[in-house]
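Asker: Before I ask anything, let me first share the structure, which is written out below as structure tokens.
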Amino acid sequence: MNDTAAMVDRRGFFQTLGAGLLVLYLAPAALAQESGGGRRRGGSAPSDVNAWLHVAADGSITVYTGKVEVGQNIRTSLTQAVAEELRVPAAAISMVMADTQLTPYDMGTFGSQTTPQMAARLHRAAAAARIALLDLAAAHFQVEAATLTVADGKISKSSTDSISFGELSGGQKLVKTMDDSTPITPAAAWKIAGSSLPKVNGRDLVTGRHRYSPDLKLPGMLHGRVLRPPAYQAALVSADTSPAAALPGVKVVQDRDFVGVAAPDALTASHALDAIRAQWTTKPQPSSADLFDYIKKNADPAPGRGGHSQGSIADGLAAAAHKFQQTYTIAYIAHVPLEPRAAVAQWQDGKLCVWTGTQRPFGVRDDLAQALGLSPDKVRVIVPDTGSGYGGKHTGEAALEAARLARAAGQPVKVVWTRQDEFTWAYFRPAGVIEISSGVRADGVITAWEFHNYLSGPSGLGAPYDIVNQTCAFHAAASPLKTGSYRGLAATANHFARESHMDELAHAVAMDPLAFRLKNLSHQRLRAVLEAAARAFSWGQKPIPGHGFGLACGTEKGSYVATCAEVAADVASGSIKVLRAVTAFDCGAVVNPNHLKNQLEGSIVMGLGGALFEAIEFADGKIGNPRLSEYRVPRFADAPKIEIVLVDRPDLPSAGAGETGIVAIAPAIGNAIFHATGQRLRAMPMAPDGLKA
């Protein structure tokens, strides 16, 4: 469904599967999924049955999932799960993703949940299909199913007597239910999963055949733009739209504060928007210069979700030879997706179909239905493989804008946000203030740990170390800017503060940072990645003048990571360069080694930006750096030499890997800078203007 023509349903709003084998999954209540046709609102979760997999009469296999491909390569990994259980080549499988009409209901693609949840479901769906096909084949051959073999899309009684999946399913519709007890292939026996299968639609991506939301075209389509306020919380007083309406082919839409234009081409739409004469009222607001004071003054003193407490901080501090209190700050940063928000909307017979890049297609469907006064079954959201999300595309602003313009214009409308729109009106990773009070004995045992996070969030809040007396708390606070999910959520901020502080404690007791962590760490999986990274990095090597070495480790979303970094830093010139990063990673059984390494490499480079120079500047409700020429992201020249060490655990379930890899690079870099220069940098970004004397 990557071509525009294929995405447009030529047979009407709803499609049917036709004859074949239909495998259904009976989900437990905690993971209940619902059909794409609609979702029960309120009340307890229904005990619904969802369609995941279809074997057609010609033997073709189609898999349906509400998950979204945003560059993390789950199209390939989920294909591997099905191919593994059905004993077919991956090329035999077609994956339909993120179409609210065709796929089962899904909450969204976030939280590193695709691999531990959706892959497990598809393993079981495909395993159930294999069992059903074996039962059909056993009846066909009049033998016991256990005597048959399954391979390459057929079931064989002997080397000369076999029947294809298509022949078995043709002309009949078999319903098969399954649950979490359905047996699946253990990771140690994987032949297709667990291997570095190439990206299944990689050729379309590298040749440009794939069409992202901004590339889509429909007959008679107009191009839309929306009038934006000059600042946050600005109120529209008046808008003279007559100059825009006078332009050839332009349609102007005004509905209270919503003002937009639709035109035959994008350039005319931009001219029309510029022609609107609008007046606004604004009011004073905080700025990035006083952000952290503002957060503390507007924070809830009571702990929020995600915290915990044990032992006595007072007793721990009394037993300490060294006591510390430090504050760490985290700036707002933008997601900077390669593909900005975009949507194409089309109305037909009172029904709405929208193509858009979002991580929550069903959530956007419901939001559209509510905003436009429709029932959810009259809204269809289709998500083409999307040009990155990083947690920044949970919402569907462009979809709603396109839908409103298309309904008023009576024609399909495409809305593509400008880069400045994306930097200004999308949400940001929350800023934050983190305060740590700690105590450590002279022998390196941590005796007290009090950790307070203000605003940025509770993810990764707890310390994984063996600390008897500890309190970890998150405090909600008022935010001057719109905030939302970001890769790793607050785990990046919390790991930066915690792992920086761990180095401060190690320095205070004159211990090697690796030895200090290991002394206070009994968790075997975290110890394993820490030791693997240190070993590959040759930790403890001879010092190099002007170079520094740092490390950090952590856990989030069921995965474990450790990163060692080498930097070249010069205080006199202010220059800093990350030369090398070695990351060891454990996410249980590895599904696709090469693609996992790609994810981790991307996490490291992305994390490097937030560590060193990414920050949103703002004052009085206006973003001060809303362009790539003004907002510094990592460049090719910034990328260090990267080495990935995978700690494969086929004895354990696979966990997600899209987020955890980002949490350790910033503190590792900060610790390396301290090693090189003696400067302890406690704010992210650490060196937006280089090192300062």
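A note on labels: chains of the structure tokens are A, B, ... as shown, every chain counts residues from 1, and ligands are counted from 1 in their shown order.
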Skip segment 686-690 of chain A itself and residues of its chain fewer than 3 positions away, then list as a ChimeraX atom specification all residues within 8 Å of it, counting only C-alpha atoms.
Answerer: /A:574-576,611-614,670,681-683
Asker: Just want the 10 Å neighbourhood of Tyr294 of chain A, counted on only C-alpha atoms, with same-chain residues fewer than 4 positions away dropped. Output as a ChimeraX atom specification.
Answerer: /A:286-290,298-299,477-480
Asker: Please provide the set of residues having any atom within 10 Å of Pro593 of chain A, restricted to only C-alpha atoms, with same-chain residues fewer than 5 positions apart removed, written as a count of residues only.
Answerer: 9
Asker: Measuring between only C-alpha atoms, which one of A:Leu148, A:Met606, A:Cys587, A:Leu628 shows the shortest distance to Ile662 of chain A?
Answerer: A:Met606
Asker: So that I can check the surroundings of segment 121-128 of chain A, please list as number ranges by chain every protein, DNA and RNA residue that reaches within 9 Å of it, counting only C-alpha atoms and ignoring chain neighbours fewer than 2 positions away.
Answerer: A: 23-25, 27, 51-53, 63, 65, 78-79, 81-86, 116-119, 130-133, 176-185
Asker: Please run DSSP on the backbone and report, as a PyMOL selection string, all residues within segment 178-236 of chain A that come out as strand (DSSP E or B).
Answerer: chain A and resi 222-226+235-236
Asker: Those residues with C-alpha atoms, as a compact mmCIF listing (two decimals), in the first residue's frame please?
Answerer:
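The result, written out as out.txt:
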# COMPACT_ATOMS: atom_id res chain seq x y z
CA LEU A 222 -5.87 21.37 -3.09
CA HIS A 223 -2.99 22.50 -0.88
CA GLY A 224 -3.80 23.94 2.51
CA ARG A 225 -2.14 26.33 4.93
CA VAL A 226 -3.34 27.43 8.36
CA ALA A 235 -5.96 35.37 20.93
CA LEU A 236 -7.33 36.29 17.50
Asker: When you draw a straight line from atom CA of Arg535 of chain A to atom CA of Ile446 of chain A, how long is it in Å?
Answerer: 24.7 Å
Asker: Write out as a PDB file with C-alpha atoms, in the first residue's frame the residues lying within 10 Å of Glu643 of chain A, counting only C-alpha atoms and excluding same-chain residues fewer than 4 positions away.
Answerer:
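That gives us selection36.pdb:
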ATOM      1  CA  ALA A 533      31.134  -2.193  27.135  1.00  0.00           C
ATOM      2  CA  ALA A 536      35.263  -3.644  24.241  1.00  0.00           C
ATOM      3  CA  PHE A 537      36.336  -0.069  25.017  1.00  0.00           C
ATOM      4  CA  THR A 563      28.094   3.247  27.009  1.00  0.00           C
ATOM      5  CA  CYS A 564      31.737   4.261  27.142  1.00  0.00           C
ATOM      6  CA  ARG A 580      34.377   7.163  20.022  1.00  0.00           C
ATOM      7  CA  ALA A 581      31.373   5.517  21.639  1.00  0.00           C
ATOM      8  CA  VAL A 582      31.040   1.857  22.580  1.00  0.00           C
ATOM      9  CA  THR A 583      27.602   0.639  23.652  1.00  0.00           C
ATOM     10  CA  ALA A 584      26.711  -2.770  25.010  1.00  0.00           C
ATOM     11  CA  LYS A 597      22.635  -2.130  15.747  1.00  0.00           C
ATOM     12  CA  LEU A 600      21.415   1.829  18.695  1.00  0.00           C
ATOM     13  CA  GLU A 601      23.660   3.832  16.390  1.00  0.00           C
TER      14      GLU A 601
END
Asker: Just the residues within 10 Å of Asp421 of chain A, please, counting only C-alpha atoms, with nothing from its chain fewer than 4 positions along; format it as JSON, numbers by chain.
Answerer: {"A": [226, 228, 340, 341, 416, 417, 425, 426, 626, 627]}
Asker: Go ahead and dump the residues you just picked, C-alpha atoms, as a short mmCIF file (atom, residue, chain, number, x, y, z; two decimals), in the first residue's frame.
Answerer:
data_model
loop_
_atom_site.label_atom_id
_atom_site.label_comp_id
_atom_site.auth_asym_id
_atom_site.auth_seq_id
_atom_site.Cartn_x
_atom_site.Cartn_y
_atom_site.Cartn_z
CA VAL A 226 -3.34 27.43 8.36
CA ARG A 228 -0.76 30.54 13.13
CA PRO A 340 7.27 17.27 9.24
CA ARG A 341 3.62 16.76 10.09
CA VAL A 416 2.20 19.93 5.10
CA TRP A 417 3.65 21.81 8.04
CA TRP A 425 3.64 24.26 17.21
CA ALA A 426 4.64 20.65 17.79
CA PRO A 626 12.52 27.74 14.87
CA ARG A 627 14.72 26.83 11.90
#
